[in-house]
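Reproduced below: upload_11.csv, with CSV, C-alpha atoms and all ligand atoms.
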chain,number,residue,atom,x,y,z
I,1,MET,CA,119.5,81.3,120.5
I,2,LYS,CA,115.7,81.6,120.1
I,3,PRO,CA,114.2,80.1,117.0
I,4,LEU,CA,112.3,83.2,116.1
I,5,THR,CA,113.8,86.6,115.3
I,6,LEU,CA,111.6,89.6,114.6
I,7,ALA,CA,113.2,92.6,112.8
I,8,ILE,CA,111.3,95.9,113.4
I,9,ALA,CA,112.0,99.6,113.1
I,10,ASN,CA,111.3,102.6,115.5
I,11,LYS,CA,108.6,101.7,118.0
I,12,ASN,CA,107.3,105.3,117.9
I,13,TYR,CA,106.5,105.2,114.2
I,14,SER,CA,106.5,101.6,112.8
I,15,SER,CA,102.8,100.6,112.9
I,16,TRP,CA,103.4,97.5,110.8
I,17,SER,CA,106.2,96.4,113.2
I,18,MET,CA,103.9,96.8,116.2
I,19,ARG,CA,101.4,94.2,115.0
I,20,PRO,CA,103.5,91.0,115.1
I,21,TRP,CA,105.6,92.3,118.1
I,22,VAL,CA,102.3,92.8,120.1
I,23,LEU,CA,101.1,89.4,118.9
I,24,LEU,CA,104.2,87.5,120.0
I,25,THR,CA,104.6,89.4,123.2
I,26,GLN,CA,101.0,89.2,124.3
I,27,ALA,CA,100.9,85.5,123.5
I,28,GLY,CA,104.0,84.9,125.5
I,29,ILE,CA,106.0,83.5,122.6
I,30,ALA,CA,109.7,84.0,123.0
I,31,PHE,CA,111.6,85.8,120.2
I,32,GLU,CA,114.7,87.7,119.6
I,33,GLU,CA,114.2,91.4,118.5
I,34,ILE,CA,116.4,93.2,116.0
I,35,GLN,CA,115.6,96.9,116.0
I,36,LEU,CA,116.7,98.9,113.0
I,37,LYS,CA,116.1,102.6,112.7
I,38,PHE,CA,114.4,104.6,109.9
I,39,SER,CA,116.4,107.1,108.1
I,40,ASP,CA,114.9,110.6,107.5
I,41,ASP,CA,113.3,109.5,104.2
I,42,GLY,CA,111.6,106.5,105.9
I,43,GLY,CA,114.1,103.9,104.5
I,44,ILE,CA,115.7,101.4,106.8
I,45,PRO,CA,119.5,101.1,106.5
I,46,GLY,CA,120.7,97.6,107.3
I,47,ILE,CA,117.5,95.8,106.4
I,48,GLY,CA,118.9,94.2,103.3
I,49,PRO,CA,120.3,91.0,104.8
I,50,TYR,CA,117.0,90.3,106.6
I,51,SER,CA,114.1,91.2,104.3
I,52,PRO,CA,113.6,90.5,100.6
I,53,THR,CA,111.3,93.6,100.4
I,54,HIS,CA,113.7,95.8,102.4
I,55,GLN,CA,110.7,96.5,104.7
I,56,VAL,CA,109.9,95.7,108.3
I,57,PRO,CA,108.5,93.7,109.9
I,58,VAL,CA,110.2,90.5,109.0
I,59,LEU,CA,110.2,87.3,111.0
I,60,ILE,CA,113.1,84.9,110.7
I,61,VAL,CA,112.0,81.3,111.3
I,62,GLY,CA,114.8,78.8,111.3
I,63,GLY,CA,117.0,81.1,109.3
I,64,GLU,CA,114.4,81.9,106.6
I,65,PRO,CA,112.4,85.1,106.3
I,66,VAL,CA,108.7,85.5,106.5
I,67,TRP,CA,107.8,89.0,105.4
I,68,ASP,CA,104.7,91.2,105.5
I,69,SER,CA,102.8,91.6,108.8
I,70,LEU,CA,99.8,89.5,107.8
I,71,ALA,CA,101.9,86.6,106.6
I,72,ILE,CA,103.9,86.8,109.8
I,73,CYS,CA,100.8,86.7,111.9
I,74,GLU,CA,99.4,83.7,109.9
I,75,ALA,CA,102.8,81.9,110.3
I,76,VAL,CA,102.9,82.5,114.0
I,77,ALA,CA,99.3,81.2,114.4
I,78,GLU,CA,100.3,78.1,112.4
I,79,LEU,CA,103.5,77.5,114.4
I,80,PHE,CA,101.7,77.9,117.8
I,81,PRO,CA,98.2,76.4,117.4
I,82,ALA,CA,97.8,76.0,121.2
I,83,LYS,CA,97.9,79.8,121.5
I,84,HIS,CA,94.6,80.1,119.7
I,85,LEU,CA,95.6,83.3,117.9
I,86,TRP,CA,92.6,83.2,115.7
I,87,PRO,CA,89.1,82.9,117.3
I,88,ALA,CA,88.0,79.3,117.7
I,89,ALA,CA,84.5,79.5,116.1
I,90,ALA,CA,84.6,79.3,112.3
I,91,ARG,CA,82.4,82.3,111.6
I,92,ALA,CA,84.3,84.5,114.1
I,93,ARG,CA,87.6,83.3,112.5
I,94,GLN,CA,86.3,84.3,109.0
I,95,VAL,CA,85.4,87.7,110.2
I,96,ALA,CA,88.6,88.2,112.1
I,97,ARG,CA,90.6,87.3,108.9
I,98,SER,CA,88.4,89.8,107.0
I,99,VAL,CA,88.9,92.7,109.4
I,100,CYS,CA,92.7,92.1,109.4
I,101,ALA,CA,92.7,92.0,105.6
I,102,GLU,CA,90.6,95.2,105.5
I,103,MET,CA,93.2,96.9,107.8
I,104,HIS,CA,96.1,95.5,105.8
I,105,ALA,CA,94.8,96.7,102.4
I,106,GLY,CA,92.8,99.8,103.4
I,107,PHE,CA,92.2,102.8,105.6
I,108,ARG,CA,94.7,104.7,103.4
I,109,ASN,CA,93.3,108.1,104.3
I,110,LEU,CA,93.6,107.5,108.0
I,111,ARG,CA,97.1,106.0,107.7
I,112,ASP,CA,98.4,108.9,105.5
I,113,ALA,CA,96.9,111.8,107.5
I,114,MET,CA,97.4,110.4,111.0
I,115,PRO,CA,100.7,108.5,110.9
I,116,MET,CA,101.5,106.5,114.0
I,117,ASN,CA,103.5,108.7,116.4
I,118,ILE,CA,103.0,107.3,119.9
I,119,ARG,CA,105.0,109.9,121.9
I,120,ALA,CA,103.3,112.9,120.1
I,121,SER,CA,100.1,114.7,121.1
I,122,LEU,CA,98.5,116.1,117.9
I,123,PRO,CA,94.8,116.7,118.7
I,124,GLY,CA,92.7,117.5,115.7
I,125,LYS,CA,95.6,117.2,113.2
I,126,GLY,CA,94.9,115.2,110.0
I,127,MET,CA,91.1,115.2,110.3
I,128,SER,CA,89.1,115.5,107.0
I,129,PRO,CA,85.8,114.0,105.7
I,130,ALA,CA,87.8,111.2,104.0
I,131,VAL,CA,89.6,110.3,107.3
I,132,GLN,CA,86.4,110.5,109.2
I,133,LYS,CA,84.9,108.0,106.8
I,134,ASP,CA,87.8,105.5,107.6
I,135,ILE,CA,87.2,106.1,111.3
I,136,ASP,CA,83.5,105.5,111.0
I,137,ARG,CA,84.1,102.2,109.2
I,138,ILE,CA,86.6,101.2,112.0
I,139,VAL,CA,84.1,102.1,114.7
I,140,SER,CA,81.4,100.1,112.9
I,141,LEU,CA,83.5,97.0,112.6
I,142,TRP,CA,84.8,97.2,116.2
I,143,GLU,CA,81.2,97.6,117.4
I,144,SER,CA,79.8,94.8,115.3
I,145,CYS,CA,82.6,92.3,116.2
I,146,ARG,CA,82.2,93.2,119.9
I,147,ALA,CA,78.5,92.8,119.8
I,148,ARG,CA,78.5,89.6,117.9
I,149,PHE,CA,81.6,87.8,119.0
I,150,GLY,CA,82.9,89.6,122.1
I,151,ASP,CA,81.0,87.8,124.9
I,152,GLU,CA,84.0,86.1,126.5
I,153,GLY,CA,86.1,89.2,127.2
I,154,GLU,CA,86.8,92.9,126.4
I,155,LEU,CA,88.6,92.4,123.1
I,156,MET,CA,87.3,92.4,119.6
I,157,PHE,CA,86.5,88.7,119.6
I,158,GLY,CA,86.4,88.4,123.4
I,159,GLN,CA,89.8,86.8,124.0
I,160,PHE,CA,93.0,88.3,122.5
I,161,SER,CA,93.5,87.5,118.8
I,162,ILE,CA,95.4,88.6,115.8
I,163,ALA,CA,92.6,91.1,115.1
I,164,ASP,CA,93.5,93.0,118.3
I,165,ALA,CA,97.2,93.1,117.4
I,166,TYR,CA,96.2,94.4,114.0
I,167,TYR,CA,94.1,97.3,115.4
I,168,ALA,CA,96.5,98.2,118.2
I,169,PRO,CA,98.3,100.9,116.1
I,170,VAL,CA,94.9,102.4,115.2
I,171,ALA,CA,94.1,102.7,118.9
I,172,THR,CA,97.4,104.6,119.5
I,173,ARG,CA,96.5,106.9,116.6
I,174,PHE,CA,93.2,107.7,118.1
I,175,LEU,CA,95.1,108.7,121.3
I,176,THR,CA,97.7,110.8,119.5
I,177,TYR,CA,95.1,112.7,117.4
I,178,ALA,CA,92.4,112.7,120.1
I,179,VAL,CA,89.8,111.2,117.9
I,180,ALA,CA,86.4,111.1,119.7
I,181,LEU,CA,84.8,107.7,119.7
I,182,PRO,CA,81.3,106.4,120.6
I,183,ALA,CA,81.2,104.7,124.0
I,184,ALA,CA,81.4,101.1,122.9
I,185,ALA,CA,84.3,101.8,120.5
I,186,GLN,CA,86.1,103.8,123.2
I,187,ARG,CA,85.7,100.9,125.7
I,188,TYR,CA,87.3,98.5,123.2
I,189,ALA,CA,90.1,101.0,122.4
I,190,ASP,CA,90.8,101.3,126.2
I,191,ALA,CA,90.9,97.5,126.6
I,192,LEU,CA,93.2,97.2,123.7
I,193,LEU,CA,95.5,99.9,124.9
I,194,ALA,CA,95.6,98.4,128.4
I,195,LEU,CA,97.0,95.0,127.1
I,196,PRO,CA,100.4,94.5,128.7
I,197,ALA,CA,102.1,94.0,125.3
I,198,VAL,CA,100.6,97.2,124.0
I,199,GLN,CA,101.6,99.1,127.1
I,200,ALA,CA,105.2,97.7,126.8
I,201,TRP,CA,105.5,98.8,123.2
I,202,MET,CA,104.1,102.3,124.0
I,203,ALA,CA,106.5,102.7,126.9
I,204,GLN,CA,109.4,101.8,124.8
I,205,ALA,CA,108.2,104.1,122.0
I,206,ARG,CA,108.0,107.0,124.3
I,207,ARG,CA,111.6,106.5,125.4
I,208,GLU,CA,112.8,106.8,121.8
I,209,THR,CA,114.3,110.0,120.6
I,210,GLY,CA,114.8,109.4,116.9
I,211,PHE,CA,113.0,112.0,114.8
I,212,VAL,CA,112.0,110.8,111.3
I,213,ARG,CA,111.1,113.6,109.0
I,214,ALA,CA,109.0,111.3,106.7
I,215,ASP,CA,106.7,110.4,109.6
I,216,GLU,CA,106.3,113.9,111.0
I,217,PRO,CA,104.0,115.9,108.7
I,218,TYR,CA,102.9,118.2,111.5
I,219,ALA,CA,106.3,119.0,113.1
U,301,LIG,N1,102.5,95.4,103.8
U,301,LIG,C1,103.7,95.5,104.7
U,301,LIG,C2,104.0,96.9,104.9
U,301,LIG,C3,105.3,97.1,105.6
U,301,LIG,C4,105.8,98.5,105.6
U,301,LIG,O1,105.3,99.4,104.9
U,301,LIG,N2,106.8,98.8,106.5
U,301,LIG,C5,107.4,100.1,106.6
U,301,LIG,C6,107.6,100.5,108.1
U,301,LIG,S1,106.2,100.5,109.0
U,301,LIG,C7,108.8,100.0,106.0
U,301,LIG,O2,109.4,99.0,106.0
U,301,LIG,N3,109.2,101.1,105.4
U,301,LIG,C8,110.5,101.2,104.8
U,301,LIG,C9,110.5,101.3,103.3
U,301,LIG,O3,109.4,101.1,102.7
U,301,LIG,O4,111.6,101.5,102.7
U,301,LIG,C10,103.4,94.8,106.0
U,301,LIG,O5,102.2,94.6,106.3
U,301,LIG,O6,104.3,94.3,106.7
Show me the file's structure as structure tokens.
Amino acid sequence: MKPLTLAIANKNYSSWSMRPWVLLTQAGIAFEEIQLKFSDDGGIPGIGPYSPTHQVPVLIVGGEPVWDSLAICEAVAELFPAKHLWPAAARARQVARSVCAEMHAGFRNLRDAMPMNIRASLPGKGMSPAVQKDIDRIVSLWESCRARFGDEGELMFGQFSIADAYYAPVATRFLTYAVALPAAAQRYADALLALPAVQAWMAQARRETGFVRADEPYA
């Protein structure tokens, strides 16, 4: 049995599950996956034994739960220091932590109006001035991280880091809702979406057939 087990929900809808799954997969860290399914109201039957919050994602490490996506990513970075999951340079690492915290705590308008729905095509749905403001801030942080820290690759801090895993579900939303981006932000979104782990998650999401009413405001 693998020492790490990650419990997630539907790959089509569960943006918080996507982050640590992409992190572990892209970094080549072996883990066992337990996939539970949302009920129509967005709850997760069967999550009780795994997660003290009754939410996904939850990572089981040596039989003990680590819950909440940001804590999971931090725990994985600490367990696998050789994978360099945060940028190496101190200032880049501080900014990477800030942009992850900003995602974790914010962008509520975007998250509410454009819920992740990888297999759907919903151009123009959900757009409003408040959502555009969230998008403008994301574009600005992507552009500034790329310009300042992105020399060594195509990703937010050059090489793959937790920040990319954190913004992968945003890039899938921009695809689903056909959000127009400036060129540099679009280049970053394309590089992010092209990561093998992101491609794998999206392919599996597209094969899912479960329809979750709570995540389908436009159906
Ligand atoms: N802050 C948490 C949010 C987790 C979260 O909202 N998960 C959703 C699925 S993406 C969930 O478990 N929903 C079920 C529920 O709240 O009953 C994290 O970052 O992991």
Would you tabulate, counting only C-alpha atoms and all ligand atoms, all residues of chain I that have an atom at most 6 Å from an atom of ligand LIG 301 (chain U), showing the closest pair of atoms and their distance in Å to one decimal, sorted by chain then ascending number, as a tab-separated table?
residue	atom	partner	partner_atom	distance
I:Ser14	CA	U:LIG301	S1	4.0
I:Ser15	CA	U:LIG301	S1	5.2
I:Trp16	CA	U:LIG301	S1	4.5
I:Ser17	CA	U:LIG301	S1	5.9
I:Gly42	CA	U:LIG301	C8	5.5
I:Gly43	CA	U:LIG301	O4	3.9
I:Ile44	CA	U:LIG301	C8	5.6
I:Gln55	CA	U:LIG301	O2	3.1
I:Val56	CA	U:LIG301	O2	4.1
I:Pro57	CA	U:LIG301	O6	5.3
I:Asp68	CA	U:LIG301	O6	3.3
I:Ser69	CA	U:LIG301	O6	3.7
I:Leu70	CA	U:LIG301	O5	5.8
Inset, instruction - Using all atoms listed in the file, find the one residue out of I:Ala27, I:Ile8, I:Val212, I:Asp190 that sits nearest to Ala82 of chain I. - result: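 Of I:Ala27, I:Ile8, I:Val212, I:Asp190, the one nearest Ala82 of chain I is I:Ala27, counting all atoms listed in the file.
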Legend entry - Which residue of I:Asp134, I:Glu102, I:Glu208, I:Glu216 approaches Asn12 of chain I most closely, using only C-alpha atoms: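 When distances to Asn12 of chain I are compared using only C-alpha atoms, the smallest one comes from I:Glu208.
Between atom CA of Met18 of chain I and atom CA of Ala197 of chain I there is a distance of 9.7 Å.
Counting all atoms listed in the file, the residue from I:Met116, I:Ala101, I:His84, I:Pro20 that sits nearest to Val66 of chain I is I:Pro20.
When all atoms listed in the file are used to compute distances to Ser51 of chain I, the closest of the residues I:Leu195, I:Leu79, I:Leu6, I:Ala92 turns out to be I:Leu6.
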Legend entry - Point-to-point distance from atom CA of Ile29 of chain I to atom CA of Pro115 of chain I, Å rounded to tenths: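 Computing it gives 28.1 Å between the two atoms.
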Restrict the calculation to all atoms listed in the file, then for each residue of segment 17-113 of chain I with any atom at most 6 Å from an atom of segment 151-169 of chain I give the closest atom pair and their distance in Å to one decimal, rows by chain and rising residue number, as JSON lines.
{"residue": "I:Arg19", "atom": "CA", "partner": "I:Ala165", "partner_atom": "CA", "distance": 5.0}
{"residue": "I:Val22", "atom": "CA", "partner": "I:Ala165", "partner_atom": "CA", "distance": 5.8}
{"residue": "I:Leu23", "atom": "CA", "partner": "I:Ala165", "partner_atom": "CA", "distance": 5.6}
{"residue": "I:Leu85", "atom": "CA", "partner": "I:Ser161", "partner_atom": "CA", "distance": 4.8}
{"residue": "I:Trp86", "atom": "CA", "partner": "I:Ser161", "partner_atom": "CA", "distance": 5.4}
{"residue": "I:Ala96", "atom": "CA", "partner": "I:Ala163", "partner_atom": "CA", "distance": 5.8}
{"residue": "I:Cys100", "atom": "CA", "partner": "I:Ala163", "partner_atom": "CA", "distance": 5.8}
Legend entry - Minimum-distance residue to Tyr177 of chain I, chosen among I:Val99, I:Val61, I:Ala191, I:Ile118 (using only C-alpha atoms):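 Ranking I:Val99, I:Val61, I:Ala191, I:Ile118 by distance to Tyr177 of chain I, first place goes to I:Ile118.
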Inset, instruction - Have a look at I:Trp201, I:Phe174, I:Tyr50, I:Phe31 and name the one nearest to Ala120 of chain I; count only C-alpha atoms. - result: I:Phe174
Legend entry - Pairwise distance for atom CA of Gln26 of chain I and atom CA of Ala180 of chain I, rounded to one decimal in Å: 26.7 Å
Inset, instruction - Starting from the point (110.8, 90.7, 121.4), work out which residues of protein, DNA or RNA have an atom no more than 8 Å away when counting all atoms listed in the file; state them as number ranges by chain. - result: I: 5-6, 21, 24-25, 30-33
Inset, instruction - Would you mind listing what lies within 12 Å of Pro49 of chain I as number ranges by chain, with all atoms listed in the file counted and same-chain residues fewer than 6 positions away left out? - result: I: 7, 36, 55-56, 58, 60, 63-65
